[in-house]
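Okay, structure first, notes after.
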Amino acid sequence: MAAGGGSPSIVEFFGGEDGYRCGYCRSDTGNISHGMWAHSMTVQDYQDLIDRGWRRSGKYVYKPIMNQTCCPQYTIRCRALHFQASKSHKKVLKKMLKFISKGDVSKVASEEEPMDSHIEDVATCDFLYKSESQVSQSDLTPLAVDQAERVENEDKDSGETKEEGNVQKVESDSVQICADKDTPVPAEPSHSAKAVHAPPKPGKGADLSKPPCRKAKDIRKERKLQKLLQNQMGTAEGSQLQGDQAFLLQNSKSKTNQPKNIEDFVFVPLPDDARHKLEVRVVRSSPPSSQFKATFQESYQVYKRYQMVIHKDPPDKPTINQFTRFLCDSPLEAEHAPNGPECGYGSFHQQYWLDGKIIAVGVIDILPYCVSSVYLYYDPDFSFLSLGVYSALREIAFTRQLCVKAPDLCFYYMGFYIHSCPKMRYKGQYRPSDLLCPETYVWTPIEQCLPLLEHSKYSRFNQDGKAVDEGRLKELGRVRVLHKRTVMPYSVYKKRRKGPSDEASVQQYASLVGQTCSERMLLFRS
């Protein structure tokens, strides 16, 4: 069974020899990537895939061919627990605070890039529509136990070794989407470095052995915040304030001689006469929750305006179908774990409500070790609030909140960093951050990567010349295949297959997803 205890991931691999239009340098055929259609996927499998350079757009999962593509795209993650907001980040947070409190803010168009401009997925959209799966749902449902056992017995009769002939039995209903069972949080991969809180610098009090004196103003502020949090602390669905209150309070207390962090700006109590009310709601998009369905039309209209004004789409271009496939459909199964976040794992929309209307939506995936930013769209009328930067900072704060309940969940993935495209370098400003080595899949601090990228747009970051990909394919025969509604290892499938060999394609797929995922996920073969 799949990691996480639910249904296994089922994918169709498309290879990737053809070049497509690049959204960065505008080359007609320079964007080269491998791709697969994910009919369903566990959050652990997707976590392991993005840690090997994959990324999803709807249900299409792709991996740039880094040493061939025109604009190499390096997976980037921010170590959320150590994140320190820069001056420009604080400027954006203060601007939002001023707007909410007083309503006045200079409506100068911001120069900051949104956290994932549509430019990033333009190229994949072409490929997405050409590569969409044509396989029927019935073909993707593994057989019931008795039929699978019959196949197993056939292999025993033909003298197969026990290991190769052991076709795994899968319940006929096990590929149903959204298993809502409690699932244990899987172990952390070896390459995921644990982020640890740095010890705070001591204050400059007269007697450091005693607690610092506290101003009455701070005590009042904290009480007000506590009251605010109690009022706003809702259920997991529909509320961002689901983390540990103590964590938020601790991060909102004024600390002597310490720089302010995101929480100091985001969770600050507002004056009673505040001009606006901003609320952030987290709603599950796949499978769609009741709150997601209730706000679908309003959310789509925001996306349509965003596409028309920011990306100059014609009025008929962003159809509901395109919106759904690109930003609502997700292969990720909804999973819950006792020691995981209250909202569970999977795909969500983080909605920004200003005075009762949606002004922005951040599309995110919550995975075992990270919050992964998929996309952001917003109402162009509010461009002056730098919503791209603001939403990224809120998502980092959200990651820190989730980490209280789920300690492994401590990274914020920002998609791809493209050094060869100057407009896309802004992601490197969220420090401390790491880039993924495209050859050994080891995380490397961005400061060590930038000099290499200045020299060459494609670069191996791991400077140990002897280091290899630890998760590489070692045994092709153990790759799991779904063939004629039966789950089997590739070694069994290979002997039964009629027609020309597909070993080269399976070998390429397994090399790209790695041994672990290739043994857990089901590769569909017709």
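Going through the structure tokens in order, the chains are called A, B, and so on, while each chain numbers its residues from 1 and the ligands are numbered from 1 in the order shown.
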Report task. Taking the DSSP assignment computed from this structure's backbone, write out as a PyMOL selection string all residues of segment 297-331 of chain A that belong to alpha helix (DSSP H). Result -> chain A and resi 297-310+320-323
Would you save the residues from that selection as an mmCIF file, in the first residue's frame, using N, CA and C atoms?
data_model
loop_
_atom_site.group_PDB
_atom_site.id
_atom_site.type_symbol
_atom_site.label_atom_id
_atom_site.label_comp_id
_atom_site.auth_asym_id
_atom_site.auth_seq_id
_atom_site.Cartn_x
_atom_site.Cartn_y
_atom_site.Cartn_z
ATOM 1 N N GLN A 297 -17.396 30.461 -7.542
ATOM 2 C CA GLN A 297 -17.678 31.456 -8.578
ATOM 3 C C GLN A 297 -16.954 32.774 -8.317
ATOM 4 N N GLU A 298 -16.991 33.213 -7.050
ATOM 5 C CA GLU A 298 -16.324 34.478 -6.703
ATOM 6 C C GLU A 298 -14.812 34.362 -6.928
ATOM 7 N N SER A 299 -14.251 33.215 -6.562
ATOM 8 C CA SER A 299 -12.823 32.976 -6.727
ATOM 9 C C SER A 299 -12.446 32.970 -8.207
ATOM 10 N N TYR A 300 -13.280 32.336 -9.016
ATOM 11 C CA TYR A 300 -13.027 32.269 -10.464
ATOM 12 C C TYR A 300 -13.055 33.668 -11.088
ATOM 13 N N GLN A 301 -13.993 34.508 -10.651
ATOM 14 C CA GLN A 301 -14.091 35.865 -11.202
ATOM 15 C C GLN A 301 -12.836 36.685 -10.886
ATOM 16 N N VAL A 302 -12.256 36.474 -9.688
ATOM 17 C CA VAL A 302 -11.011 37.158 -9.328
ATOM 18 C C VAL A 302 -9.901 36.700 -10.278
ATOM 19 N N TYR A 303 -9.830 35.385 -10.527
ATOM 20 C CA TYR A 303 -8.812 34.827 -11.422
ATOM 21 C C TYR A 303 -8.972 35.394 -12.832
ATOM 22 N N LYS A 304 -10.217 35.485 -13.295
ATOM 23 C CA LYS A 304 -10.486 35.971 -14.652
ATOM 24 C C LYS A 304 -10.013 37.420 -14.799
ATOM 25 N N ARG A 305 -10.324 38.264 -13.785
ATOM 26 C CA ARG A 305 -9.883 39.668 -13.838
ATOM 27 C C ARG A 305 -8.357 39.754 -13.795
ATOM 28 N N TYR A 306 -7.762 38.905 -12.967
ATOM 29 C CA TYR A 306 -6.299 38.881 -12.835
ATOM 30 C C TYR A 306 -5.650 38.556 -14.182
ATOM 31 N N GLN A 307 -6.169 37.542 -14.862
ATOM 32 C CA GLN A 307 -5.605 37.121 -16.145
ATOM 33 C C GLN A 307 -5.766 38.205 -17.208
ATOM 34 N N MET A 308 -6.914 38.862 -17.201
ATOM 35 C CA MET A 308 -7.184 39.864 -18.228
ATOM 36 C C MET A 308 -6.334 41.123 -18.024
ATOM 37 N N VAL A 309 -6.202 41.563 -16.779
ATOM 38 C CA VAL A 309 -5.490 42.819 -16.514
ATOM 39 C C VAL A 309 -3.980 42.602 -16.414
ATOM 40 N N ILE A 310 -3.559 41.609 -15.642
ATOM 41 C CA ILE A 310 -2.123 41.404 -15.403
ATOM 42 C C ILE A 310 -1.458 40.686 -16.575
ATOM 43 N N ILE A 320 -13.884 28.591 -17.182
ATOM 44 C CA ILE A 320 -14.031 27.876 -15.901
ATOM 45 C C ILE A 320 -13.294 26.542 -15.963
ATOM 46 N N ASN A 321 -13.350 25.898 -17.138
ATOM 47 C CA ASN A 321 -12.688 24.600 -17.296
ATOM 48 C C ASN A 321 -11.171 24.738 -17.123
ATOM 49 N N GLN A 322 -10.592 25.775 -17.741
ATOM 50 C CA GLN A 322 -9.147 25.997 -17.602
ATOM 51 C C GLN A 322 -8.783 26.309 -16.154
ATOM 52 N N PHE A 323 -9.581 27.160 -15.527
ATOM 53 C CA PHE A 323 -9.351 27.518 -14.120
ATOM 54 C C PHE A 323 -9.377 26.275 -13.239
#
Query raised in the report: Interatomic distance between atom CA of Tyr20 of chain A and atom CA of Arg56 of chain A?
Result: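 Atom CA of Arg56 of chain A lies 16.6 Å from atom CA of Tyr20 of chain A.
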Requested in this report: Excluding segment 436-450 of chain A and residues on its chain fewer than 3 positions from it, collect all residues at most 7 Å away from it, counting only C-alpha atoms, and give them as a VMD selection string.
Outcome: chain A and resid 51 to 52 74 to 76 191 433 453 to 454 460 to 462 467 to 469
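Between atom CA of Glu475 of chain A and atom CA of Asn67 of chain A lies a distance of 25.2 Å.
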**Report entry** Between atom CA of Asp316 of chain A and atom CA of Cys25 of chain A, distance in Å (one decimal)
**Finding:** 26.0 Å
Residues within 6 Å of segment 488-496 of chain A, only C-alpha atoms, excluding chain neighbours under 3 positions, as a short mmCIF file (atom, residue, chain, number, x, y, z; two decimals) with all heavy atoms, in the first residue's frame:
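That gives us result.cif:
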data_model
loop_
_atom_site.label_atom_id
_atom_site.label_comp_id
_atom_site.auth_asym_id
_atom_site.auth_seq_id
_atom_site.Cartn_x
_atom_site.Cartn_y
_atom_site.Cartn_z
N VAL A 167 2.52 -11.03 -6.88
CA VAL A 167 1.73 -9.90 -7.34
C VAL A 167 0.95 -9.36 -6.15
O VAL A 167 0.25 -10.10 -5.47
CB VAL A 167 0.76 -10.35 -8.45
CG1 VAL A 167 -0.13 -9.20 -8.87
CG2 VAL A 167 1.55 -10.86 -9.64
N GLY A 477 13.53 -4.29 -11.76
CA GLY A 477 12.51 -5.33 -11.59
C GLY A 477 11.52 -5.05 -10.47
O GLY A 477 10.42 -5.61 -10.46
N ARG A 478 11.89 -4.18 -9.53
CA ARG A 478 11.02 -3.90 -8.38
C ARG A 478 10.05 -2.74 -8.62
O ARG A 478 9.23 -2.41 -7.77
CB ARG A 478 11.87 -3.61 -7.14
CG ARG A 478 12.65 -4.83 -6.67
CD ARG A 478 13.58 -4.47 -5.53
NE ARG A 478 12.86 -4.06 -4.34
CZ ARG A 478 12.43 -4.88 -3.38
NH1 ARG A 478 12.67 -6.18 -3.48
NH2 ARG A 478 11.78 -4.44 -2.33
N VAL A 479 10.16 -2.09 -9.78
CA VAL A 479 9.26 -0.99 -10.12
C VAL A 479 7.83 -1.53 -10.16
O VAL A 479 7.58 -2.59 -10.75
CB VAL A 479 9.64 -0.37 -11.49
CG1 VAL A 479 8.60 0.64 -11.95
CG2 VAL A 479 11.02 0.27 -11.39
N ARG A 480 6.87 -0.82 -9.54
CA ARG A 480 5.48 -1.31 -9.50
C ARG A 480 4.71 -0.84 -10.73
O ARG A 480 4.75 0.33 -11.10
CB ARG A 480 4.77 -0.82 -8.23
CG ARG A 480 5.25 -1.56 -6.99
CD ARG A 480 4.10 -1.94 -6.08
NE ARG A 480 3.41 -0.78 -5.54
CZ ARG A 480 2.29 -0.87 -4.81
NH1 ARG A 480 1.74 -2.04 -4.56
NH2 ARG A 480 1.72 0.20 -4.33
N VAL A 481 4.00 -1.78 -11.32
CA VAL A 481 3.26 -1.52 -12.56
C VAL A 481 1.79 -1.88 -12.36
O VAL A 481 1.47 -2.84 -11.64
CB VAL A 481 3.88 -2.37 -13.70
CG1 VAL A 481 3.03 -2.34 -14.95
CG2 VAL A 481 5.30 -1.88 -14.01
#
Query raised in the report: For Arg79 of chain A, which of A:Phe411, A:Thr516, A:Arg21, A:Leu476 is the closest residue, counting only C-alpha atoms?
Result: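 So, comparing all the options, the nearest one is A:Phe411.
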Query raised in the report: Smallest atom-to-atom distance to Arg497 of chain A: which of A:Lys484, A:Leu140, A:Arg400, A:Leu376, using only C-alpha atoms?
Result: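 Using only C-alpha atoms, the shortest distance to Arg497 of chain A belongs to A:Lys484.
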Requested in this report: Check the smallest atom-to-atom distance from each of A:Leu435, A:Ser459, A:Phe13, A:Val283 to Asp502 of chain A using only C-alpha atoms, then report the winner.
Outcome: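 Distance minimum relative to Asp502 of chain A lands on A:Phe13.
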